[in-house]
file work.txt (compact mmCIF, C-alpha atoms)
# COMPACT_ATOMS: atom_id res chain seq x y z
CA PHE A 1 112.32 107.28 153.93
CA LEU A 2 109.45 109.68 153.16
CA ILE A 3 109.89 108.96 149.44
CA LEU A 4 110.49 105.21 149.61
CA GLN A 5 107.99 104.25 152.31
CA PRO A 6 104.84 104.82 150.18
CA ILE A 7 106.44 102.91 147.28
CA LEU A 8 107.40 100.01 149.53
CA SER A 9 103.88 99.99 150.96
CA LYS A 10 102.39 99.80 147.45
CA ILE A 11 104.74 96.95 146.56
CA SER A 12 103.65 95.05 149.65
CA ILE A 13 99.95 95.59 148.95
CA SER A 14 100.33 94.60 145.30
CA PHE A 15 101.33 91.03 146.32
CA MET A 16 98.54 90.57 148.87
CA GLU A 17 95.38 88.59 148.32
CA GLU A 18 92.15 90.37 149.18
CA LYS A 19 91.76 88.59 152.52
CA ASP A 20 95.17 89.88 153.64
CA LEU A 21 93.94 93.45 153.19
CA TYR A 22 91.42 92.97 156.01
CA ASP A 23 93.71 90.97 158.29
CA ALA A 24 94.89 93.24 161.12
CA THR A 25 97.86 90.98 161.77
CA VAL A 26 99.21 91.53 158.24
CA ILE A 27 101.13 94.81 158.10
CA ASN A 28 103.92 94.88 155.54
CA ILE A 29 104.64 91.26 154.60
CA PRO A 30 101.79 89.40 152.86
CA ARG A 31 100.66 86.15 154.41
CA ASN A 32 99.22 84.88 151.13
CA TRP A 33 101.53 85.86 148.28
CA SER A 34 99.85 86.30 144.91
CA VAL A 35 100.37 88.03 141.54
CA SER A 36 96.65 88.13 140.84
CA ASN A 37 96.59 91.90 141.41
CA TYR A 38 99.14 92.35 138.62
CA GLU A 39 97.14 90.09 136.32
CA MET A 40 93.96 92.03 137.06
CA ALA A 41 95.59 95.45 136.61
CA ALA A 42 97.29 94.36 133.38
CA MET A 43 94.00 93.14 131.96
CA LEU A 44 92.02 96.23 132.96
CA MET A 45 94.66 98.62 131.57
CA ASN A 46 95.35 96.52 128.46
CA TYR A 47 98.92 96.90 129.63
CA SER A 48 100.90 95.57 126.67
CA LYS A 49 99.16 97.75 124.09
CA SER A 50 99.09 100.78 126.39
CA LEU A 51 102.81 100.39 127.14
CA VAL A 52 103.75 100.36 123.45
CA SER A 53 101.54 103.39 122.72
CA THR A 54 102.98 105.30 125.67
CA LEU A 55 106.55 104.48 124.68
CA TRP A 56 106.34 105.87 121.16
CA VAL A 57 104.04 108.81 121.93
CA SER A 58 106.27 109.94 124.80
CA PHE A 59 109.37 109.59 122.62
CA VAL A 60 107.92 111.59 119.73
CA ILE A 61 106.59 114.38 121.93
CA ALA A 62 109.78 114.57 124.03
CA LEU A 63 111.93 114.75 120.88
CA VAL A 64 109.80 117.54 119.36
CA GLN A 65 109.88 119.49 122.62
CA LEU A 66 113.64 119.05 122.92
CA ILE A 67 114.30 120.36 119.40
CA SER A 68 111.98 123.36 119.62
CA THR A 69 112.94 124.47 123.14
CA THR A 70 116.66 124.13 122.37
CA LEU A 71 116.40 126.42 119.36
CA VAL A 72 114.34 129.00 121.26
CA ALA A 73 116.59 128.90 124.34
CA TYR A 74 119.71 129.39 122.22
CA GLY A 75 118.11 132.39 120.56
CA PHE A 76 117.28 133.94 123.93
CA ALA A 77 120.77 133.25 125.26
CA ARG A 78 122.89 134.46 122.34
CA PHE A 79 120.99 136.96 120.20
CA ASN A 80 119.48 140.38 120.73
CA PHE A 81 116.28 141.19 118.86
CA PRO A 82 113.30 143.52 119.30
CA GLY A 83 110.86 142.37 121.97
CA LYS A 84 113.28 139.87 123.49
CA LYS A 85 112.47 140.79 127.09
CA LEU A 86 108.74 140.79 126.41
CA LEU A 87 108.87 137.35 124.81
CA PHE A 88 110.96 135.94 127.64
CA ALA A 89 108.43 137.35 130.09
CA ALA A 90 105.81 135.34 128.18
CA VAL A 91 107.99 132.25 128.68
CA ILE A 92 108.03 132.87 132.43
CA LEU A 93 104.25 133.32 132.40
CA SER A 94 103.87 129.96 130.66
CA ILE A 95 105.68 128.43 133.66
CA VAL A 96 103.58 130.21 136.26
CA ILE A 97 100.12 129.99 134.67
CA PRO A 98 98.64 126.45 134.75
CA PRO A 99 97.60 124.99 131.36
CA GLN A 100 94.07 124.39 132.65
CA THR A 101 93.37 128.09 132.16
CA ILE A 102 93.56 127.69 128.37
CA LEU A 103 91.73 124.35 128.24
CA THR A 104 88.64 125.73 126.52
CA ALA A 105 90.68 127.67 123.97
CA LEU A 106 92.78 124.61 123.13
CA TYR A 107 89.72 122.42 122.75
CA LEU A 108 87.86 124.82 120.47
CA ASN A 109 90.96 125.64 118.42
CA PHE A 110 91.65 122.04 117.51
CA ARG A 111 88.03 120.90 117.39
CA TYR A 112 87.41 123.47 114.66
CA PHE A 113 90.95 123.76 113.30
CA ASP A 114 91.42 126.11 110.38
CA ILE A 115 94.20 128.24 108.87
CA PHE A 116 92.92 131.65 107.76
CA GLY A 117 89.67 129.98 106.66
CA LEU A 118 91.38 127.85 104.00
CA PHE A 119 90.02 124.50 105.18
CA LYS A 120 86.49 125.85 105.39
CA LEU A 121 86.86 127.31 101.90
CA LEU A 122 88.18 124.05 100.39
CA ARG A 123 86.28 121.46 102.44
CA GLY A 124 83.24 123.38 103.53
CA GLN A 125 84.08 122.96 107.23
CA PRO A 126 87.07 123.10 109.61
CA ILE A 127 89.06 119.98 110.52
CA ASN A 128 88.56 118.13 113.80
CA LEU A 129 92.07 117.30 115.06
CA LEU A 130 91.02 116.00 118.46
CA ASN A 131 91.88 112.38 119.28
CA SER A 132 95.02 112.60 117.15
CA ILE A 133 98.65 113.29 117.93
CA TRP A 134 98.91 116.31 115.58
CA PRO A 135 97.55 118.95 117.98
CA TYR A 136 100.07 117.95 120.62
CA VAL A 137 102.90 117.87 118.07
CA MET A 138 101.97 121.37 116.87
CA ILE A 139 101.80 122.97 120.31
CA SER A 140 105.03 121.18 121.32
CA ALA A 141 106.76 122.45 118.17
CA GLY A 142 105.53 125.92 119.11
CA CYS A 143 106.97 125.56 122.64
CA MET A 144 103.56 125.57 124.30
CA GLY A 145 103.57 121.92 125.32
CA LEU A 146 103.88 120.44 128.79
CA LYS A 147 106.56 122.31 130.85
CA ASN A 148 108.13 123.83 127.71
CA GLY A 149 108.64 127.17 129.45
CA LEU A 150 110.73 125.45 132.11
CA TYR A 151 112.86 123.71 129.49
CA ILE A 152 113.51 127.01 127.71
CA PHE A 153 114.55 128.65 130.97
CA MET A 154 116.94 125.83 131.92
CA LEU A 155 118.55 125.67 128.47
CA ARG A 156 118.83 129.45 128.26
CA GLN A 157 120.71 129.55 131.54
CA TYR A 158 123.00 126.79 130.33
CA PHE A 159 123.80 128.43 126.99
CA ARG A 160 124.47 131.75 128.73
CA GLY A 161 127.14 130.02 130.81
CA ILE A 162 129.09 128.82 127.76
CA PRO A 163 132.00 131.22 127.00
CA LYS A 164 131.36 133.45 124.01
CA GLU A 165 134.98 132.96 122.95
CA LEU A 166 133.97 129.52 121.61
CA GLU A 167 131.50 131.12 119.22
CA GLU A 168 133.92 133.85 118.22
CA ALA A 169 136.62 131.26 117.45
CA ALA A 170 134.13 129.32 115.33
CA TYR A 171 133.16 132.48 113.42
CA VAL A 172 136.86 133.18 112.73
CA ASP A 173 137.23 129.63 111.36
CA GLY A 174 134.40 130.31 108.91
CA CYS A 175 131.43 128.75 110.70
CA GLY A 176 128.06 130.41 110.32
CA LYS A 177 125.58 130.80 113.15
CA LEU A 178 123.75 127.56 112.38
CA LYS A 179 126.92 125.49 111.98
CA THR A 180 128.32 126.97 115.20
CA PHE A 181 125.14 126.00 117.00
CA ILE A 182 125.21 122.42 115.67
CA VAL A 183 128.95 121.72 115.82
CA ILE A 184 130.04 123.73 118.88
CA MET A 185 127.09 124.38 121.16
CA LEU A 186 125.05 121.18 120.96
CA PRO A 187 127.93 118.78 121.79
CA ASP A 188 128.85 120.93 124.79
CA ALA A 189 125.22 120.96 125.95
CA LYS A 190 124.77 117.19 125.66
CA PRO A 191 124.39 116.61 129.44
CA MET A 192 121.71 119.30 129.72
CA LEU A 193 119.94 118.04 126.59
CA THR A 194 119.87 114.58 128.16
CA SER A 195 118.28 116.05 131.28
CA ILE A 196 115.65 117.97 129.29
CA PHE A 197 114.77 114.91 127.21
CA LEU A 198 114.33 112.80 130.34
CA PHE A 199 112.17 115.46 131.98
CA ALA A 200 110.01 115.74 128.86
CA TYR A 201 109.73 111.96 128.52
CA VAL A 202 108.81 111.34 132.15
CA TRP A 203 106.30 114.20 132.38
CA GLN A 204 104.65 113.11 129.15
CA TRP A 205 104.57 109.52 130.42
CA THR A 206 102.58 110.49 133.50
CA ASP A 207 100.62 113.41 132.02
CA SER A 208 96.84 113.15 132.12
CA PHE A 209 95.88 116.71 131.07
CA TYR A 210 97.09 116.82 127.46
CA SER A 211 96.71 113.05 127.08
CA SER A 212 93.02 113.14 127.99
CA LEU A 213 92.47 116.20 125.79
CA PHE A 214 94.24 115.05 122.61
CA LEU A 215 95.26 111.40 122.93
CA ARG A 216 92.26 109.52 124.30
CA LYS A 217 92.10 106.90 121.55
CA PHE A 218 95.78 105.96 121.98
CA GLY A 219 95.11 104.13 125.26
CA LEU A 220 98.05 105.61 127.16
CA LEU A 221 99.06 104.30 130.58
CA SER A 222 98.35 107.61 132.28
CA ASN A 223 94.73 107.54 131.11
CA ALA A 224 94.39 103.83 131.88
CA VAL A 225 95.60 104.09 135.48
CA ALA A 226 93.45 107.19 136.07
CA GLY A 227 90.32 105.20 135.23
CA LEU A 228 91.43 101.96 136.84
CA GLY A 229 88.89 102.15 139.67
CA ASP A 230 85.97 102.61 137.26
CA SER A 231 87.28 99.83 135.00
CA LEU A 232 87.42 97.46 137.97
CA MET A 233 83.85 98.26 139.00
CA THR A 234 82.60 97.73 135.44
CA TYR A 235 84.45 94.40 135.23
CA ILE A 236 83.02 93.16 138.54
CA GLN A 237 79.49 94.09 137.48
CA ASN A 238 79.86 92.38 134.10
CA ILE A 239 81.09 89.07 135.51
CA SER A 240 78.49 89.03 138.31
CA ASN A 241 75.56 90.06 136.05
CA ARG A 242 74.22 92.25 138.82
CA THR A 243 74.89 95.53 140.55
CA ALA A 244 78.02 94.76 142.54
CA PHE A 245 80.84 96.92 143.76
CA PRO A 246 84.43 95.97 144.63
CA THR A 247 85.52 96.71 148.17
CA THR A 248 87.41 99.92 148.82
CA ALA A 249 90.54 98.09 149.99
CA TYR A 250 90.62 95.85 146.91
CA THR A 251 90.10 98.83 144.61
CA GLN A 252 92.98 100.67 146.23
CA ALA A 253 95.16 97.56 145.94
CA ILE A 254 94.49 97.34 142.20
CA ILE A 255 95.18 101.07 141.76
CA SER A 256 98.44 100.73 143.72
CA THR A 257 99.45 97.80 141.55
CA GLY A 258 98.61 99.70 138.37
CA THR A 259 100.62 102.68 139.59
CA LEU A 260 103.67 100.48 140.15
CA MET A 261 103.29 99.03 136.65
CA VAL A 262 103.23 102.54 135.21
CA ILE A 263 106.32 103.84 137.01
CA ALA A 264 108.42 100.65 136.63
CA PRO A 265 109.54 101.49 133.03
CA LEU A 266 110.51 104.99 134.16
CA ILE A 267 112.76 103.56 136.87
CA LEU A 268 114.47 101.38 134.26
CA ILE A 269 114.97 104.39 131.98
CA TYR A 270 116.48 106.37 134.83
CA LEU A 271 118.87 103.57 135.76
CA VAL A 272 120.14 103.51 132.17
CA ALA A 273 120.45 107.29 131.79
CA GLN A 274 121.31 108.32 135.35
CA LYS A 275 124.96 109.15 134.59
CA GLY A 276 124.09 111.80 132.01
CA PHE A 277 121.17 113.02 134.11
CA VAL A 278 123.23 113.58 137.26
CA GLU A 279 126.05 115.15 135.27
CA SER A 280 123.67 117.62 133.64
CA LEU A 281 122.14 118.66 136.97
CA ALA A 282 125.61 119.18 138.48
CA GLN A 283 126.77 121.35 135.57
CA ALA A 284 123.49 123.29 135.49
CA GLY A 285 123.83 124.06 139.19
CA LEU A 286 127.34 125.45 138.66
CA LYS A 287 126.46 127.55 135.62
CA MET A 288 123.20 128.96 136.95
call {"tool": "encode", "arguments": {"input": "work.txt", "output": "structure tokens"}}
result
Amino acid sequence: FLILQPILSKISISFMEEKDLYDATVINIPRNWSVSNYEMAAMLMNYSKSLVSTLWVSFVIALVQLISTTLVAYGFARFNFPGKKLLFAAVILSIVIPPQTILTALYLNFRYFDIFGLFKLLRGQPINLLNSIWPYVMISAGCMGLKNGLYIFMLRQYFRGIPKELEEAAYVDGCGKLKTFIVIMLPDAKPMLTSIFLFAYVWQWTDSFYSSLFLRKFGLLSNAVAGLGDSLMTYIQNISNRTAFPTTAYTQAIISTGTLMVIAPLILIYLVAQKGFVESLAQAGLKM
């Protein structure tokens, strides 16, 4: 009830006309049903374009994070190498320390991006990679993206629970380490990989930190819904040709409607992938 009640309340408000918001006799069921809030939110967020951008950006970033974290987690789970414990401690720190602490460093690094001074030598100045997807792809490929430390930890625990006899049997049959990883380990880890991909996709879908830092020009839904109140005020002032402000209740109704429009695709994705997701969580709980 604690989870569903706020969602049900937002659904109710999203179908109310503005006069219902100030009617004390209207509690949960609108007296004047209307989809005008959805039309307004869709227009202010440029919903169709933002939805397409969010779909492909989230897919690309989630796929890159899945590949990189899987390789790193398998290395931590199955191989011994110098500095292994120190590096895994760094992974744990990346979970504990919030990304906001390295905001300035990330901004400066990609605002004046250079590799050993080569770009400055060839072009006369560093490259500005902000407002492009490449900075996020690079940090995700390096396992420093959103929640990557958590993904590494989960996958490491899963791979550690797989019997080593499977690898040894594969080595006897002539498989190398890479072929064993691809042919033996990945198919067995499919439920957990499904879970990690869904986590990465959903968190990227709703992320506003990295999206506002690197992906402003893409018009993602997370950025659009975050600025929905300001967009509504600007729209009201433009159509009235004077200094006017929307009421607080109406603003909150539009924000609630926009929030529902953002999370609706995620609910559909979960309904499609829930079998693999639940199976992965059940197996991870047993093996951890």
call {"tool": "atom_distance", "arguments": {"input": "work.txt", "atom1": "atom CA of A:Ala189", "atom2": "atom CA of A:Thr70"}}
result
9.8 Å
call {"tool": "closest_residue", "arguments": {"input": "work.txt", "among": "A:Pro6, A:Pro98, A:Pro246, A:Gly117", "to": "A:Met144", "atoms": "all atoms listed in the file"}}
result
A:Pro98
call {"tool": "atom_distance", "arguments": {"input": "work.txt", "atom1": "atom CA of A:Ala62", "atom2": "atom CA of A:Gln204"}}
result
7.4 Å
call {"tool": "closest_residue", "arguments": {"input": "work.txt", "among": "A:Leu220, A:Ile152, A:Ile162, A:Ile269", "to": "A:Ile92", "atoms": "all atoms listed in the file"}}
result
A:Ile152
call {"tool": "residues_around", "arguments": {"input": "work.txt", "residues": "A:Ser34", "least_positions_apart": "6", "cutoff": "10 Å", "atoms": "all atoms listed in the file", "output": "ChimeraX atom specification"}}
result
/A:14-18
call {"tool": "atom_distance", "arguments": {"input": "work.txt", "atom1": "atom CA of A:Trp134", "atom2": "atom CA of A:Ala200"}}
result
17.3 Å
call {"tool": "closest_residue", "arguments": {"input": "work.txt", "among": "A:Phe199, A:Phe59, A:Tyr38, A:Tyr74", "to": "A:Leu186", "atoms": "only C-alpha atoms"}}
result
A:Tyr74
call {"tool": "closest_residue", "arguments": {"input": "work.txt", "among": "A:Tyr158, A:Trp33, A:Tyr235, A:Phe153", "to": "A:Thr251", "atoms": "all atoms listed in the file"}}
result
A:Tyr235
call {"tool": "closest_residue", "arguments": {"input": "work.txt", "among": "A:Ile115, A:Ala169, A:Val64, A:Met185", "to": "A:Met138", "atoms": "only C-alpha atoms"}}
result
A:Val64
call {"tool": "closest_residue", "arguments": {"input": "work.txt", "among": "A:Thr257, A:Gln252, A:Ser208, A:Ser36", "to": "A:Pro99", "atoms": "all atoms listed in the file"}}
result
A:Ser208
call {"tool": "residues_near_point", "arguments": {"input": "work.txt", "point": "(91.1, 113.0, 121.2)", "cutoff": "10 Å", "atoms": "all atoms listed in the file", "output": "ChimeraX atom specification"}}
result
/A:107,110-111,128-133,135,210-218
call {"tool": "residues_around", "arguments": {"input": "work.txt", "residues": "A:Leu71", "least_positions_apart": "4", "cutoff": "12 Å", "atoms": "only C-alpha atoms", "output": "list in words"}}
result
Val64, Gln65, Leu66, Ile67, Gly75, Phe76, Ala77, Arg78, Phe79, Ala141, Gly142, Cys143, Tyr151, Ile152, Phe153, Leu155, Arg156, Phe159, Lys177, Leu178, Phe181, Ile182, Met185, Leu186 and Leu193 of chain A
